[in-house]
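Enquirer: I'm passing along entry-v6.cif; it holds mmCIF, C-alpha atoms (C1' of nucleotides); chains and numbers go by the auth columns.
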```cif
data_start
loop_
_atom_site.group_PDB
_atom_site.id
_atom_site.type_symbol
_atom_site.label_atom_id
_atom_site.label_comp_id
_atom_site.label_asym_id
_atom_site.label_seq_id
_atom_site.Cartn_x
_atom_site.Cartn_y
_atom_site.Cartn_z
_atom_site.B_iso_or_equiv
_atom_site.auth_seq_id
_atom_site.auth_asym_id
ATOM 1 C CA MET A 1 4.977 -28.438 20.319 0.00 296 F
ATOM 2 C CA GLY A 2 2.872 -26.488 17.967 0.00 297 F
ATOM 3 C CA ALA A 3 5.161 -25.583 15.166 0.00 298 F
ATOM 4 C CA ARG A 4 2.665 -23.274 13.596 0.00 299 F
ATOM 5 C CA HIS A 5 2.173 -20.497 16.105 0.00 300 F
ATOM 6 C CA GLU A 6 0.516 -17.650 14.346 0.00 301 F
ATOM 7 C CA GLN A 7 -0.505 -14.415 15.970 0.00 302 F
ATOM 8 C CA GLY A 8 -1.065 -16.449 19.092 0.00 303 F
ATOM 9 C CA THR A 9 -0.537 -15.188 22.580 0.00 304 F
ATOM 10 C CA THR A 10 2.782 -16.884 23.183 0.00 305 F
ATOM 11 C CA THR A 11 4.516 -15.819 19.987 0.00 306 F
ATOM 12 C CA ASN A 12 6.246 -12.494 19.915 0.00 307 F
ATOM 13 C CA MET A 13 6.355 -12.475 16.156 0.00 308 F
ATOM 14 C CA PRO A 14 4.256 -9.534 14.964 0.00 309 F
ATOM 15 C CA THR A 15 2.107 -10.130 11.947 0.00 310 F
ATOM 16 C CA PHE A 16 2.498 -8.209 8.721 0.00 311 F
ATOM 17 C CA ASN A 17 -0.346 -6.029 9.792 0.00 312 F
ATOM 18 C CA GLN A 18 1.427 -4.931 12.969 0.00 313 F
ATOM 19 C CA GLN A 19 4.710 -4.374 11.187 0.00 314 F
ATOM 20 C CA VAL A 20 3.037 -1.973 8.816 0.00 315 F
ATOM 21 C CA HIS A 21 1.410 -0.111 11.663 0.00 316 F
ATOM 22 C CA ALA A 22 4.713 0.218 13.475 0.00 317 F
ATOM 23 C CA LEU A 23 6.450 1.575 10.405 0.00 318 F
ATOM 24 C CA VAL A 24 3.768 4.081 9.458 0.00 319 F
ATOM 25 C CA ARG A 25 3.647 5.120 13.069 0.00 320 F
ATOM 26 C CA GLU A 26 7.291 6.177 12.752 0.00 321 F
ATOM 27 C CA VAL A 27 6.527 8.503 9.885 0.00 322 F
ATOM 28 C CA PRO A 28 6.957 12.090 11.107 0.00 323 F
ATOM 29 C CA THR A 29 4.679 14.961 10.256 0.00 324 F
ATOM 30 C CA GLY A 30 5.165 16.583 6.876 0.00 325 F
ATOM 31 C CA ARG A 31 6.505 13.335 5.435 0.00 326 F
ATOM 32 C CA VAL A 32 4.963 10.526 3.393 0.00 327 F
ATOM 33 C CA ILE A 33 5.800 6.934 2.574 0.00 328 F
ATOM 34 C CA THR A 34 4.792 4.583 -0.201 0.00 329 F
ATOM 35 C CA TYR A 35 3.251 1.146 0.001 0.00 330 F
ATOM 36 C CA GLY A 36 6.120 -0.372 -1.933 0.00 331 F
ATOM 37 C CA VAL A 37 8.688 1.050 0.469 0.00 332 F
ATOM 38 C CA ILE A 38 6.806 -0.282 3.450 0.00 333 F
ATOM 39 C CA ALA A 39 6.412 -3.715 1.928 0.00 334 F
ATOM 40 C CA GLY A 40 10.055 -3.651 0.819 0.00 335 F
ATOM 41 C CA LEU A 41 11.279 -2.784 4.289 0.00 336 F
ATOM 42 C CA LEU A 42 9.209 -5.637 5.634 0.00 337 F
ATOM 43 C CA GLY A 43 10.944 -8.003 3.255 0.00 338 F
ATOM 44 C CA ASP A 44 8.686 -8.234 0.206 0.00 339 F
ATOM 45 C CA PRO A 45 7.888 -5.270 -2.049 0.00 340 F
ATOM 46 C CA ARG A 46 5.226 -7.394 -3.724 0.00 341 F
ATOM 47 C CA LYS A 47 3.201 -7.354 -0.565 0.00 342 F
ATOM 48 C CA ALA A 48 2.398 -3.724 -1.242 0.00 343 F
ATOM 49 C CA ARG A 49 -1.208 -4.763 -1.611 0.00 344 F
ATOM 50 C CA GLU A 50 -1.196 -6.300 1.819 0.00 345 F
ATOM 51 C CA VAL A 51 0.031 -3.005 3.163 0.00 346 F
ATOM 52 C CA GLY A 52 -3.132 -1.422 1.911 0.00 347 F
ATOM 53 C CA TRP A 53 -5.181 -3.992 3.733 0.00 348 F
ATOM 54 C CA ALA A 54 -3.159 -3.498 6.878 0.00 349 F
ATOM 55 C CA LEU A 55 -3.878 0.203 6.732 0.00 350 F
ATOM 56 C CA HIS A 56 -7.518 -0.518 6.258 0.00 351 F
ATOM 57 C CA ARG A 57 -7.368 -2.401 9.532 0.00 352 F
ATOM 58 C CA CYS A 58 -5.103 0.156 11.152 0.00 353 F
ATOM 59 C CA PRO A 59 -5.907 1.650 14.571 0.00 354 F
ATOM 60 C CA PRO A 60 -6.205 5.420 15.189 0.00 355 F
ATOM 61 C CA ASP A 61 -2.578 5.362 16.325 0.00 356 F
ATOM 62 C CA VAL A 62 -1.463 4.984 12.732 0.00 357 F
ATOM 63 C CA PRO A 63 -1.379 8.066 10.506 0.00 358 F
ATOM 64 C CA ALA A 64 -2.438 6.154 7.427 0.00 359 F
ATOM 65 C CA HIS A 65 -3.109 9.431 5.693 0.00 360 F
ATOM 66 C CA ARG A 66 0.663 9.723 5.220 0.00 361 F
ATOM 67 C CA VAL A 67 0.777 6.589 3.118 0.00 362 F
ATOM 68 C CA VAL A 68 0.680 7.215 -0.615 0.00 363 F
ATOM 69 C CA ASN A 69 1.394 5.146 -3.694 0.00 364 F
ATOM 70 C CA HIS A 70 4.751 5.087 -5.465 0.00 365 F
ATOM 71 C CA ARG A 71 3.547 7.918 -7.697 0.00 366 F
ATOM 72 C CA GLY A 72 3.076 10.268 -4.778 0.00 367 F
ATOM 73 C CA GLU A 73 -0.651 10.199 -5.253 0.00 368 F
ATOM 74 C CA LEU A 74 -3.216 9.269 -2.656 0.00 369 F
ATOM 75 C CA SER A 75 -5.531 6.358 -3.094 0.00 370 F
ATOM 76 C CA GLY A 76 -8.289 8.823 -3.846 0.00 371 F
ATOM 77 C CA ARG A 77 -10.960 6.504 -2.517 0.00 372 F
ATOM 78 C CA ARG A 78 -13.317 6.661 0.383 0.00 373 F
ATOM 79 C CA ALA A 79 -10.563 5.346 2.598 0.00 374 F
ATOM 80 C CA PHE A 80 -11.392 8.058 5.056 0.00 375 F
ATOM 81 C CA GLY A 81 -14.894 8.867 3.989 0.00 376 F
ATOM 82 C CA HIS A 82 -13.793 11.967 2.100 0.00 377 F
ATOM 83 C CA PRO A 83 -10.533 11.947 0.103 0.00 378 F
ATOM 84 C CA TRP A 84 -10.392 15.719 0.037 0.00 379 F
ATOM 85 C CA HIS A 85 -10.407 15.733 3.799 0.00 380 F
ATOM 86 C CA GLN A 86 -7.449 13.408 3.725 0.00 381 F
ATOM 87 C CA GLN A 87 -5.537 15.374 1.127 0.00 382 F
ATOM 88 C CA ARG A 88 -6.082 18.560 3.019 0.00 383 F
ATOM 89 C CA ARG A 89 -4.812 16.868 6.140 0.00 384 F
ATOM 90 C CA LEU A 90 -1.407 16.432 4.523 0.00 385 F
ATOM 91 C CA GLU A 91 -1.397 20.017 3.306 0.00 386 F
ATOM 92 C CA GLU A 92 -1.981 21.054 6.887 0.00 387 F
ATOM 93 C CA GLU A 93 1.181 19.183 7.793 0.00 388 F
ATOM 94 C CA GLY A 94 3.134 21.181 5.266 0.00 389 F
ATOM 95 C CA ILE A 95 2.965 18.919 2.227 0.00 390 F
ATOM 96 C CA GLU A 96 2.226 20.631 -1.042 0.00 391 F
ATOM 97 C CA PHE A 97 0.014 18.940 -3.614 0.00 392 F
ATOM 98 C CA THR A 98 -0.532 19.690 -7.260 0.00 393 F
ATOM 99 C CA ALA A 99 -3.859 20.150 -8.960 0.00 394 F
ATOM 100 C CA GLU A 100 -3.802 16.458 -9.779 0.00 395 F
ATOM 101 C CA GLY A 101 -3.454 15.657 -6.103 0.00 396 F
ATOM 102 C CA VAL A 102 0.127 14.490 -6.439 0.00 397 F
ATOM 103 C CA CYS A 103 3.026 15.356 -4.144 0.00 398 F
ATOM 104 C CA ASP A 104 6.762 15.281 -4.871 0.00 399 F
ATOM 105 C CA LEU A 105 8.114 12.058 -3.445 0.00 400 F
ATOM 106 C CA ASP A 106 11.596 13.442 -4.038 0.00 401 F
ATOM 107 C CA ARG A 107 10.854 15.910 -1.308 0.00 402 F
ATOM 108 C CA TYR A 108 8.361 14.291 1.007 0.00 403 F
ATOM 109 C CA LEU A 109 9.171 10.596 0.716 0.00 404 F
ATOM 110 C CA TRP A 110 10.441 9.560 4.131 0.00 405 F
ATOM 111 C CA ARG A 111 12.701 6.629 4.861 0.00 406 F
ATOM 112 C CA PRO A 112 13.809 5.008 8.126 0.00 407 F
ATOM 113 C CA GLU A 113 17.108 6.294 9.473 0.00 408 F
ATOM 114 C CA ALA A 114 18.513 2.802 9.430 0.00 409 F
ATOM 115 C CA ALA A 115 18.038 2.514 5.688 0.00 410 F
ATOM 116 C CA ARG A 116 18.636 6.131 4.838 0.00 411 F
ATOM 117 C CA PRO A 117 21.732 7.095 2.804 0.00 412 F
ATOM 118 C CA ALA A 118 24.139 9.835 3.845 0.00 413 F
ATOM 119 C CA THR A 119 22.681 12.204 1.310 0.00 414 F
ATOM 120 C CA ASP A 120 19.946 14.323 2.773 0.00 415 F
ATOM 121 C CA VAL A 121 17.656 16.724 0.978 0.00 416 F
ATOM 122 C "C1'" DT B 1 -12.038 -25.484 0.613 0.00 12 L
ATOM 123 C "C1'" DC B 2 -12.482 -22.559 -3.480 0.00 13 L
ATOM 124 C "C1'" DC B 3 -13.486 -17.956 -5.612 0.00 14 L
ATOM 125 C "C1'" DG B 4 -13.559 -13.027 -5.796 0.00 15 L
ATOM 126 C "C1'" DT B 5 -11.937 -8.638 -4.368 0.00 16 L
ATOM 127 C "C1'" DG B 6 -8.471 -5.188 -3.158 0.00 17 L
ATOM 128 C "C1'" DA B 7 -5.996 1.858 0.571 0.00 18 L
ATOM 129 C "C1'" DC B 8 -0.486 -1.635 -5.099 0.00 19 L
ATOM 130 C "C1'" DA B 9 3.878 -2.316 -8.045 0.00 20 L
ATOM 131 C "C1'" DC B 10 6.347 -3.288 -12.124 0.00 21 L
ATOM 132 C "C1'" DA B 11 7.243 -4.357 -17.198 0.00 22 L
ATOM 133 C "C1'" DA B 12 6.304 -3.635 -21.842 0.00 23 L
ATOM 134 C "C1'" DG B 13 4.412 -0.958 -25.879 0.00 24 L
ATOM 135 C "C1'" DC C 1 4.622 10.881 -20.296 0.00 118 N
ATOM 136 C "C1'" DC C 2 0.411 7.388 -20.516 0.00 119 N
ATOM 137 C "C1'" DT C 3 -2.114 2.902 -21.068 0.00 120 N
ATOM 138 C "C1'" DT C 4 -2.605 -2.104 -20.697 0.00 121 N
ATOM 139 C "C1'" DG C 5 -1.606 -6.518 -18.697 0.00 122 N
ATOM 140 C "C1'" DT C 6 0.324 -9.474 -15.049 0.00 123 N
ATOM 141 C "C1'" DG C 7 1.888 -10.914 -10.271 0.00 124 N
ATOM 142 C "C1'" DC C 8 1.785 -11.421 -5.256 0.00 125 N
ATOM 143 C "C1'" DC C 9 -0.595 -12.107 -0.753 0.00 126 N
ATOM 144 C "C1'" DA C 10 -4.316 -11.954 2.561 0.00 127 N
ATOM 145 C "C1'" DC C 11 -9.215 -11.615 3.970 0.00 128 N
ATOM 146 C "C1'" DG C 12 -14.310 -12.492 3.485 0.00 129 N
ATOM 147 C "C1'" DG C 13 -18.264 -15.217 2.042 0.00 130 N
#
```
Produce structure tokens that represent the structure in this file.
Expert:
Amino acid sequence: MGARHEQGTTTNMPTFNQQVHALVREVPTGRVITYGVIAGLLGDPRKAREVGWALHRCPPDVPAHRVVNHRGELSGRRAFGHPWHQQRRLEEEGIEFTAEGVCDLDRYLWRPEAARPATDV
DNA sequence: TCCGTGACACAAG
DNA sequence: CCTTGTGCCACGG
């Protein structure tokens, strides 16, 4: 049988792209996540770049605006047409940004419950 | 099939 | 703290 079933119709194995969407989709309002964390949870922190691509191909169901880099800063590109619009969107959710457009990951970085330690902020 | 690009991360100085 | 260089993987032409 075909050993190499990719994102075919018979295989239930979701592609990296879908895994990213599912994870970002679990991010609650007022919380952010980094590319490295997403890639790491998927099994390879080096695939952080692929996460970016996955978000570029993400459906409207995925709040990609909650995905920031490991520095707590947004991509700052025309990912959404107008970066300011995106930044403001997070502020609307309760996230505070500095003049440099950076947010405190120590406060807003969200992690899945399954991988979250007992210590809570 | 090969090359270039990219919504990134990490190490070293 | 910042800057520079390198690595990894996938997609598009």
Enquirer: Extract, using all atoms listed in the file, all DNA, RNA and protein residues at most 12 Å from Pro355 (chain F), discarding same-chain residues fewer than 3 positions from it, and format them as a list in words.
Expert: His316, Val319, Arg320, Leu350, His351, Arg352, Pro358, Ala359, His360 and Phe375 of chain F
Enquirer: I'd like to see the residues matched by the PyMOL selection byres ((chain F) within 7 of (chain L)) on this file, and ideally I'd get them as a list of chain:residue names.
Expert: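 Applied to this file, the PyMOL selection byres ((chain F) within 7 of (chain L)) selects F:Tyr330, F:Gly331, F:Arg341, F:Ala343, F:Arg344, F:Gly347, F:Trp348, F:Leu350, F:His351, F:Ser370, F:Ala374.
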Enquirer: Next, the residues of the selection above should be written as a PDB file, in the frame of the given file with C-alpha atoms.
Expert:
```
ATOM      1  CA  TYR F 330       3.251   1.146   0.001  1.00  0.00           C
ATOM      2  CA  GLY F 331       6.120  -0.372  -1.933  1.00  0.00           C
ATOM      3  CA  ARG F 341       5.226  -7.394  -3.724  1.00  0.00           C
ATOM      4  CA  ALA F 343       2.398  -3.724  -1.242  1.00  0.00           C
ATOM      5  CA  ARG F 344      -1.208  -4.763  -1.611  1.00  0.00           C
ATOM      6  CA  GLY F 347      -3.132  -1.422   1.911  1.00  0.00           C
ATOM      7  CA  TRP F 348      -5.181  -3.992   3.733  1.00  0.00           C
ATOM      8  CA  LEU F 350      -3.878   0.203   6.732  1.00  0.00           C
ATOM      9  CA  HIS F 351      -7.518  -0.518   6.258  1.00  0.00           C
ATOM     10  CA  SER F 370      -5.531   6.358  -3.094  1.00  0.00           C
ATOM     11  CA  ALA F 374     -10.563   5.346   2.598  1.00  0.00           C
TER      12      ALA F 374
END
```
Enquirer: One decimal, Å: what's the distance from CA of Val327 (chain F) over to CA of Leu400 (chain F), could you say?
Expert: 7.7 Å
Enquirer: Show me which bits of chain N are within 7 Å of chain F, counting all atoms listed in the file, as a VMD selection string.
Expert: chain N and resid 125 to 127
Enquirer: Quick one, how far is CA of Ile333 (chain F) from CA of Ala317 (chain F)?
Expert: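 Rounded to one decimal, the two atoms are 10.3 Å apart.
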Enquirer: What does the structure give for the distance between CA of Gly367 (chain F) and CA of Asp399 (chain F), in Å to one decimal?
Expert: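 About the pair CA of Gly367 (chain F) and CA of Asp399 (chain F): they are 6.2 Å apart.
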Enquirer: Set up a box along x, y and z of the file covering all listed atoms of region 121-125 of chain N, add 5 Å on every one of the six sides, and write the centre and edge lengths in Å to one decimal, as JSON.
Expert:
```
{"center_x": -0.4, "center_y": -6.8, "center_z": -13.0, "size_x": 14.5, "size_y": 19.3, "size_z": 25.4}
```
Enquirer: Can you put N, CA, C and O atoms back into region 323-344 of chain F and show it as a PDB file, in the frame of the given file?
Expert:
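Okay, part_22.pdb is ready:
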```pdb
ATOM      1  N   PRO F 323       7.147  10.774  10.477  1.00  0.00           N
ATOM      2  CA  PRO F 323       6.957  12.090  11.107  1.00  0.00           C
ATOM      3  C   PRO F 323       5.994  12.965  10.322  1.00  0.00           C
ATOM      4  O   PRO F 323       5.657  12.676   9.175  1.00  0.00           O
ATOM      5  N   THR F 324       5.603  14.044  10.929  1.00  0.00           N
ATOM      6  CA  THR F 324       4.679  14.961  10.256  1.00  0.00           C
ATOM      7  C   THR F 324       5.356  15.653   9.085  1.00  0.00           C
ATOM      8  O   THR F 324       6.533  15.925   9.118  1.00  0.00           O
ATOM      9  N   GLY F 325       4.605  15.915   8.042  1.00  0.00           N
ATOM     10  CA  GLY F 325       5.165  16.583   6.876  1.00  0.00           C
ATOM     11  C   GLY F 325       5.938  15.619   5.995  1.00  0.00           C
ATOM     12  O   GLY F 325       6.679  16.016   5.109  1.00  0.00           O
ATOM     13  N   ARG F 326       5.782  14.343   6.226  1.00  0.00           N
ATOM     14  CA  ARG F 326       6.505  13.335   5.435  1.00  0.00           C
ATOM     15  C   ARG F 326       5.535  12.250   4.988  1.00  0.00           C
ATOM     16  O   ARG F 326       4.521  12.004   5.644  1.00  0.00           O
ATOM     17  N   VAL F 327       5.840  11.588   3.891  1.00  0.00           N
ATOM     18  CA  VAL F 327       4.963  10.526   3.393  1.00  0.00           C
ATOM     19  C   VAL F 327       5.785   9.288   3.053  1.00  0.00           C
ATOM     20  O   VAL F 327       7.008   9.357   2.923  1.00  0.00           O
ATOM     21  N   ILE F 328       5.112   8.177   2.908  1.00  0.00           N
ATOM     22  CA  ILE F 328       5.800   6.934   2.574  1.00  0.00           C
ATOM     23  C   ILE F 328       4.927   6.149   1.589  1.00  0.00           C
ATOM     24  O   ILE F 328       3.718   6.299   1.583  1.00  0.00           O
ATOM     25  N   THR F 329       5.557   5.327   0.798  1.00  0.00           N
ATOM     26  CA  THR F 329       4.792   4.583  -0.201  1.00  0.00           C
ATOM     27  C   THR F 329       4.574   3.138   0.226  1.00  0.00           C
ATOM     28  O   THR F 329       5.335   2.591   1.013  1.00  0.00           O
ATOM     29  N   TYR F 330       3.585   2.534  -0.320  1.00  0.00           N
ATOM     30  CA  TYR F 330       3.251   1.146   0.001  1.00  0.00           C
ATOM     31  C   TYR F 330       4.426   0.232  -0.351  1.00  0.00           C
ATOM     32  O   TYR F 330       4.781  -0.656   0.405  1.00  0.00           O
ATOM     33  N   GLY F 331       5.009   0.470  -1.493  1.00  0.00           N
ATOM     34  CA  GLY F 331       6.120  -0.372  -1.933  1.00  0.00           C
ATOM     35  C   GLY F 331       7.283  -0.298  -0.962  1.00  0.00           C
ATOM     36  O   GLY F 331       7.926  -1.307  -0.668  1.00  0.00           O
ATOM     37  N   VAL F 332       7.586   0.890  -0.475  1.00  0.00           N
ATOM     38  CA  VAL F 332       8.688   1.050   0.469  1.00  0.00           C
ATOM     39  C   VAL F 332       8.384   0.292   1.756  1.00  0.00           C
ATOM     40  O   VAL F 332       9.228  -0.419   2.288  1.00  0.00           O
ATOM     41  N   ILE F 333       7.189   0.416   2.222  1.00  0.00           N
ATOM     42  CA  ILE F 333       6.806  -0.282   3.450  1.00  0.00           C
ATOM     43  C   ILE F 333       6.951  -1.784   3.262  1.00  0.00           C
ATOM     44  O   ILE F 333       7.591  -2.467   4.049  1.00  0.00           O
ATOM     45  N   ALA F 334       6.355  -2.276   2.203  1.00  0.00           N
ATOM     46  CA  ALA F 334       6.412  -3.715   1.928  1.00  0.00           C
ATOM     47  C   ALA F 334       7.857  -4.144   1.747  1.00  0.00           C
ATOM     48  O   ALA F 334       8.274  -5.198   2.225  1.00  0.00           O
ATOM     49  N   GLY F 335       8.644  -3.315   1.059  1.00  0.00           N
ATOM     50  CA  GLY F 335      10.055  -3.651   0.819  1.00  0.00           C
ATOM     51  C   GLY F 335      10.829  -3.726   2.118  1.00  0.00           C
ATOM     52  O   GLY F 335      11.638  -4.618   2.329  1.00  0.00           O
ATOM     53  N   LEU F 336      10.588  -2.789   3.012  1.00  0.00           N
ATOM     54  CA  LEU F 336      11.279  -2.784   4.289  1.00  0.00           C
ATOM     55  C   LEU F 336      10.863  -3.990   5.120  1.00  0.00           C
ATOM     56  O   LEU F 336      11.617  -4.479   5.952  1.00  0.00           O
ATOM     57  N   LEU F 337       9.678  -4.469   4.884  1.00  0.00           N
ATOM     58  CA  LEU F 337       9.209  -5.637   5.634  1.00  0.00           C
ATOM     59  C   LEU F 337       9.751  -6.923   5.030  1.00  0.00           C
ATOM     60  O   LEU F 337       9.650  -7.982   5.632  1.00  0.00           O
ATOM     61  N   GLY F 338      10.335  -6.810   3.849  1.00  0.00           N
ATOM     62  CA  GLY F 338      10.944  -8.003   3.255  1.00  0.00           C
ATOM     63  C   GLY F 338      10.408  -8.373   1.888  1.00  0.00           C
ATOM     64  O   GLY F 338      11.044  -9.101   1.153  1.00  0.00           O
ATOM     65  N   ASP F 339       9.258  -7.871   1.510  1.00  0.00           N
ATOM     66  CA  ASP F 339       8.686  -8.234   0.206  1.00  0.00           C
ATOM     67  C   ASP F 339       7.923  -7.074  -0.412  1.00  0.00           C
ATOM     68  O   ASP F 339       6.813  -6.785   0.003  1.00  0.00           O
ATOM     69  N   PRO F 340       8.528  -6.416  -1.389  1.00  0.00           N
ATOM     70  CA  PRO F 340       7.888  -5.270  -2.049  1.00  0.00           C
ATOM     71  C   PRO F 340       6.595  -5.670  -2.753  1.00  0.00           C
ATOM     72  O   PRO F 340       5.765  -4.843  -3.067  1.00  0.00           O
ATOM     73  N   ARG F 341       6.441  -6.958  -3.038  1.00  0.00           N
ATOM     74  CA  ARG F 341       5.226  -7.394  -3.724  1.00  0.00           C
ATOM     75  C   ARG F 341       4.032  -7.410  -2.793  1.00  0.00           C
ATOM     76  O   ARG F 341       2.901  -7.490  -3.207  1.00  0.00           O
ATOM     77  N   LYS F 342       4.307  -7.328  -1.514  1.00  0.00           N
ATOM     78  CA  LYS F 342       3.201  -7.354  -0.565  1.00  0.00           C
ATOM     79  C   LYS F 342       2.586  -5.976  -0.408  1.00  0.00           C
ATOM     80  O   LYS F 342       1.829  -5.737   0.523  1.00  0.00           O
ATOM     81  N   ALA F 343       2.920  -5.093  -1.313  1.00  0.00           N
ATOM     82  CA  ALA F 343       2.398  -3.724  -1.242  1.00  0.00           C
ATOM     83  C   ALA F 343       0.888  -3.746  -1.070  1.00  0.00           C
ATOM     84  O   ALA F 343       0.308  -2.937  -0.360  1.00  0.00           O
ATOM     85  N   ARG F 344       0.246  -4.668  -1.711  1.00  0.00           N
ATOM     86  CA  ARG F 344      -1.208  -4.763  -1.611  1.00  0.00           C
ATOM     87  C   ARG F 344      -1.627  -5.076  -0.186  1.00  0.00           C
ATOM     88  O   ARG F 344      -2.605  -4.576   0.322  1.00  0.00           O
TER      89      ARG F 344
END
```
